[in-house]
$ cat input_3.pdb   # PDB, C-alpha atoms
ATOM      1  CA  MET O   1     -14.772  36.724  12.987
ATOM      2  CA  PHE O   2     -18.415  36.321  11.906
ATOM      3  CA  GLY O   3     -19.601  35.861  15.507
ATOM      4  CA  VAL O   4     -17.521  32.701  16.138
ATOM      5  CA  ASN O   5     -15.495  32.868  19.315
ATOM      6  CA  LYS O   6     -12.056  31.419  19.911
ATOM      7  CA  ALA O   7     -13.355  28.572  22.100
ATOM      8  CA  THR O   8     -15.661  27.355  19.307
ATOM      9  CA  ILE O   9     -12.780  27.289  16.845
ATOM     10  CA  ILE O  10     -10.627  25.312  19.297
ATOM     11  CA  VAL O  11     -13.412  22.780  19.937
ATOM     12  CA  LEU O  12     -14.009  22.308  16.192
ATOM     13  CA  PHE O  13     -10.281  21.851  15.590
ATOM     14  CA  MET O  14     -10.040  19.230  18.371
ATOM     15  CA  MET O  15     -13.047  17.349  16.957
ATOM     16  CA  LEU O  16     -11.421  17.329  13.522
ATOM     17  CA  CYS O  17      -8.198  15.933  15.011
ATOM     18  CA  ILE O  18     -10.114  13.154  16.795
ATOM     19  CA  LEU O  19     -12.002  12.279  13.617
ATOM     20  CA  LEU O  20      -8.802  12.081  11.570
ATOM     21  CA  GLN O  21      -7.107   9.963  14.248
ATOM     22  CA  SER O  22     -10.005   7.497  14.332
ATOM     23  CA  ASN O  23      -9.798   7.012  10.544
ATOM     24  CA  ILE O  24      -6.053   6.390  10.728
ATOM     25  CA  SER O  25      -6.319   3.982  13.660
ATOM     26  CA  ASN O  26      -8.833   1.799  11.779
ATOM     27  CA  ALA O  27      -6.245   0.912   9.146
ATOM     28  CA  ALA O  28      -4.935  -2.642   9.253
ATOM     29  CA  THR O  29      -1.507  -3.912   8.198
ATOM     30  CA  PHE O  30      -1.248  -6.967   5.957
ATOM     31  CA  PRO O  31       1.991  -8.790   5.122
ATOM     32  CA  ALA O  32       2.354  -9.230   1.349
ATOM     33  CA  GLY O  33       2.311 -12.956   0.628
ATOM     34  CA  ASP O  34       1.158 -13.686   4.197
ATOM     35  CA  GLY O  35       3.769 -15.813   5.984
ATOM     36  CA  ASN O  36       5.756 -16.419   2.801
ATOM     37  CA  GLY O  37       6.602 -12.748   2.329
ATOM     38  CA  TRP O  38       7.141 -10.938  -0.968
ATOM     39  CA  GLY O  39       8.703 -13.440  -3.330
ATOM     40  CA  PHE O  40       8.195 -16.495  -5.513
ATOM     41  CA  SER O  41       5.572 -18.014  -3.181
ATOM     42  CA  MET O  42       2.890 -15.386  -3.838
ATOM     43  CA  ASN O  43       0.593 -18.058  -5.396
ATOM     44  CA  GLY O  44      -2.281 -15.699  -6.203
ATOM     45  CA  TRP O  45      -2.027 -13.629  -3.035
ATOM     46  CA  PRO O  46      -4.173 -11.560  -2.193
ATOM     47  CA  ASN O  47      -7.095 -13.547  -3.656
ATOM     48  CA  GLY O  48     -10.006 -13.669  -1.217
ATOM     49  CA  LYS O  49      -8.762 -10.828   0.991
ATOM     50  CA  THR O  50     -10.633  -7.582   1.598
ATOM     51  CA  PHE O  51      -8.800  -4.274   1.942
ATOM     52  CA  LYS O  52      -9.884  -0.766   2.827
ATOM     53  CA  THR O  53      -8.438   2.535   1.693
ATOM     54  CA  GLY O  54      -5.636   3.372   4.135
ATOM     55  CA  ASP O  55      -4.772  -0.248   4.963
ATOM     56  CA  VAL O  56      -1.046  -0.876   4.821
ATOM     57  CA  ILE O  57       0.691  -3.630   2.870
ATOM     58  CA  GLU O  58       4.029  -4.625   4.368
ATOM     59  CA  PHE O  59       6.455  -6.020   1.818
ATOM     60  CA  LYS O  60       9.236  -8.029   3.515
ATOM     61  CA  TYR O  61      12.047  -9.425   1.393
ATOM     62  CA  THR O  62      15.822  -9.688   1.114
ATOM     63  CA  VAL O  63      17.378  -6.471  -0.189
ATOM     64  CA  ASN O  64      19.058  -6.867  -3.614
ATOM     65  CA  VAL O  65      17.106 -10.097  -4.183
ATOM     66  CA  HIS O  66      13.732  -8.358  -4.651
ATOM     67  CA  ASN O  67      12.275  -4.873  -4.764
ATOM     68  CA  VAL O  68       8.763  -3.443  -4.949
ATOM     69  CA  VAL O  69       7.664  -1.078  -7.696
ATOM     70  CA  LYS O  70       4.204   0.492  -7.777
ATOM     71  CA  VAL O  71       3.123   0.482 -11.432
ATOM     72  CA  SER O  72       0.157   0.971 -13.769
ATOM     73  CA  LYS O  73      -2.125  -1.902 -14.817
ATOM     74  CA  GLU O  74      -0.447  -2.025 -18.226
ATOM     75  CA  GLU O  75       3.008  -2.304 -16.638
ATOM     76  CA  TYR O  76       1.683  -4.951 -14.234
ATOM     77  CA  ASP O  77       0.246  -7.006 -17.093
ATOM     78  CA  SER O  78       3.373  -6.736 -19.251
ATOM     79  CA  CYS O  79       5.949  -6.875 -16.409
ATOM     80  CA  LYS O  80       7.673  -3.938 -18.105
ATOM     81  CA  THR O  81       7.969  -0.545 -16.459
ATOM     82  CA  SER O  82       9.227   2.809 -17.566
ATOM     83  CA  GLY O  83       9.115   4.281 -14.092
ATOM     84  CA  GLY O  84       6.946   3.882 -11.043
ATOM     85  CA  GLN O  85       7.641   4.357  -7.358
ATOM     86  CA  VAL O  86      10.529   2.056  -6.365
ATOM     87  CA  TYR O  87      10.812   0.664  -2.840
ATOM     88  CA  ASN O  88      13.915  -1.295  -1.849
ATOM     89  CA  SER O  89      14.317  -1.241   1.948
ATOM     90  CA  GLY O  90      13.419  -4.907   2.471
ATOM     91  CA  ASP O  91      10.577  -3.849   4.794
ATOM     92  CA  ASP O  92       8.357  -1.455   2.870
ATOM     93  CA  LYS O  93       5.032  -0.348   4.354
ATOM     94  CA  ILE O  94       2.773   1.064   1.644
ATOM     95  CA  PRO O  95      -0.690   2.496   2.416
ATOM     96  CA  LEU O  96      -3.387   1.591  -0.093
ATOM     97  CA  GLU O  97      -5.288   4.189  -2.075
ATOM     98  CA  LYS O  98      -8.891   3.665  -3.192
ATOM     99  CA  GLY O  99      -9.070   1.387  -6.228
ATOM    100  CA  THR O 100      -6.557  -1.165  -7.437
ATOM    101  CA  SER O 101      -2.834  -0.757  -6.755
ATOM    102  CA  TYR O 102      -0.337  -2.777  -8.781
ATOM    103  CA  PHE O 103       3.058  -3.911  -7.475
ATOM    104  CA  ILE O 104       5.826  -5.842  -9.218
ATOM    105  CA  CYS O 105       9.429  -6.877  -8.614
ATOM    106  CA  THR O 106      11.705  -5.533 -11.353
ATOM    107  CA  ILE O 107      14.776  -7.615 -10.550
ATOM    108  CA  GLY O 108      15.530 -10.103 -13.313
ATOM    109  CA  PRO O 109      12.512 -12.062 -14.577
ATOM    110  CA  HIS O 110      10.864 -12.077 -11.117
ATOM    111  CA  CYS O 111       7.663 -10.326 -12.225
ATOM    112  CA  SER O 112       7.029 -12.778 -15.065
ATOM    113  CA  GLU O 113       7.755 -15.578 -12.573
ATOM    114  CA  GLY O 114       4.913 -14.362 -10.340
ATOM    115  CA  VAL O 115       6.444 -11.803  -7.974
ATOM    116  CA  LYS O 116       3.615  -9.328  -8.378
ATOM    117  CA  ALA O 117       0.325  -8.388  -6.742
ATOM    118  CA  ALA O 118      -2.813  -6.445  -7.686
ATOM    119  CA  ILE O 119      -4.561  -5.208  -4.536
ATOM    120  CA  THR O 120      -7.981  -3.532  -4.509
ATOM    121  CA  ALA O 121      -9.015  -1.265  -1.649
ATOM    122  CA  ASN O 122     -12.608  -0.101  -1.173
TER
END
$ encode --input "input_3.pdb" --output "structure tokens"
Amino acid sequence: MFGVNKATIIVLFMMLCILLQSNISNAATFPAGDGNGWGFSMNGWPNGKTFKTGDVIEFKYTVNVHNVVKVSKEEYDSCKTSGGQVYNSGDDKIPLEKGTSYFICTIGPHCSEGVKAAITAN
């Protein structure tokens, strides 16, 4: 196989696994809304916080009172969605992708009452 022996392939594979593990283990978990949780007390959360790609946002809330829907910027701004990924477990852990992720609650008028967050990961 082009002069590469089996031991070299195994060593390269193990190094790749270690590298991937180190990137995963550097991710931090942040509770949405800090101690208040996901709900009406968001008050501008996450203003002033810094996030990295791969960090996890944990949305804790009472099932059937709130939900979490990942939406586009337009849907975030208008609080109207025609789809999006819906989470409704009451303890949703969502890893951040690079750029800005938008989340809203689609139960009743909750989004327009402030149950929403725009989170930017670098």
$ atom_distance --input "input_3.pdb" --atom1 "atom CA of O:Gly83" --atom2 "atom CA of O:Gly54"
23.5 Å
$ atom_distance --input "input_3.pdb" --atom1 "atom CA of O:Ile94" --atom2 "atom CA of O:His110"
20.0 Å
$ atom_distance --input "input_3.pdb" --atom1 "atom CA of O:Glu58" --atom2 "atom CA of O:Asp92"
5.6 Å
$ residues_around --input "input_3.pdb" --residues "O:Gly84" --least-positions-apart "3" --cutoff "9 Å" --atoms "all atoms listed in the file" --output "list in words"
Val69, Lys70, Val71, Ser72 and Thr81 of chain O
$ closest_residue --input "input_3.pdb" --among "O:Ala121, O:Cys79, O:Val63, O:Ile10" --to "O:Lys98" --atoms "all atoms listed in the file"
O:Ala121
$ closest_residue --input "input_3.pdb" --among "O:Met42, O:Leu96, O:Val86, O:Val56" --to "O:Val115" --atoms "all atoms listed in the file"
O:Met42
$ residues_around --input "input_3.pdb" --residues "O:Glu113" --least-positions-apart "5" --cutoff "12 Å" --atoms "only C-alpha atoms" --output "list in words"
Gly39, Phe40, Ser41, Met42, Asn43, Gly44, Ser78, Cys79, Ile104, Cys105, Thr106, Ile107 and Gly108 of chain O
$ closest_residue --input "input_3.pdb" --among "O:Val65, O:Cys111, O:Ala7, O:Phe51" --to "O:Ala27" --atoms "only C-alpha atoms"
O:Phe51
$ residues_around --input "input_3.pdb" --residues "O:Pro46" --least-positions-apart "6" --cutoff "10 Å" --atoms "only C-alpha atoms" --output "list in words"
Phe30, Pro31, Ala32, Gly33, Asp34, Ala117, Ala118, Ile119 and Thr120 of chain O
$ closest_residue --input "input_3.pdb" --among "O:Asn122, O:Ser89, O:Gly114, O:Tyr102" --to "O:Tyr61" --atoms "all atoms listed in the file"
O:Ser89
$ axis_aligned_box --input "input_3.pdb" --around "stretch 32-48 of chain O" --padding-each-side "3 Å" --output "lines of an AutoDock Vina configuration file"
center_x = -0.7
center_y = -13.6
center_z = -0.1
size_x = 24.7
size_y = 14.8
size_z = 18.2
$ closest_residue --input "input_3.pdb" --among "O:Lys52, O:Lys73, O:Lys80, O:Lys6" --to "O:Ser101" --atoms "only C-alpha atoms"
O:Lys73
$ closest_residue --input "input_3.pdb" --among "O:Trp38, O:Phe103, O:Tyr76, O:Trp45" --to "O:Phe59" --atoms "all atoms listed in the file"
O:Trp38
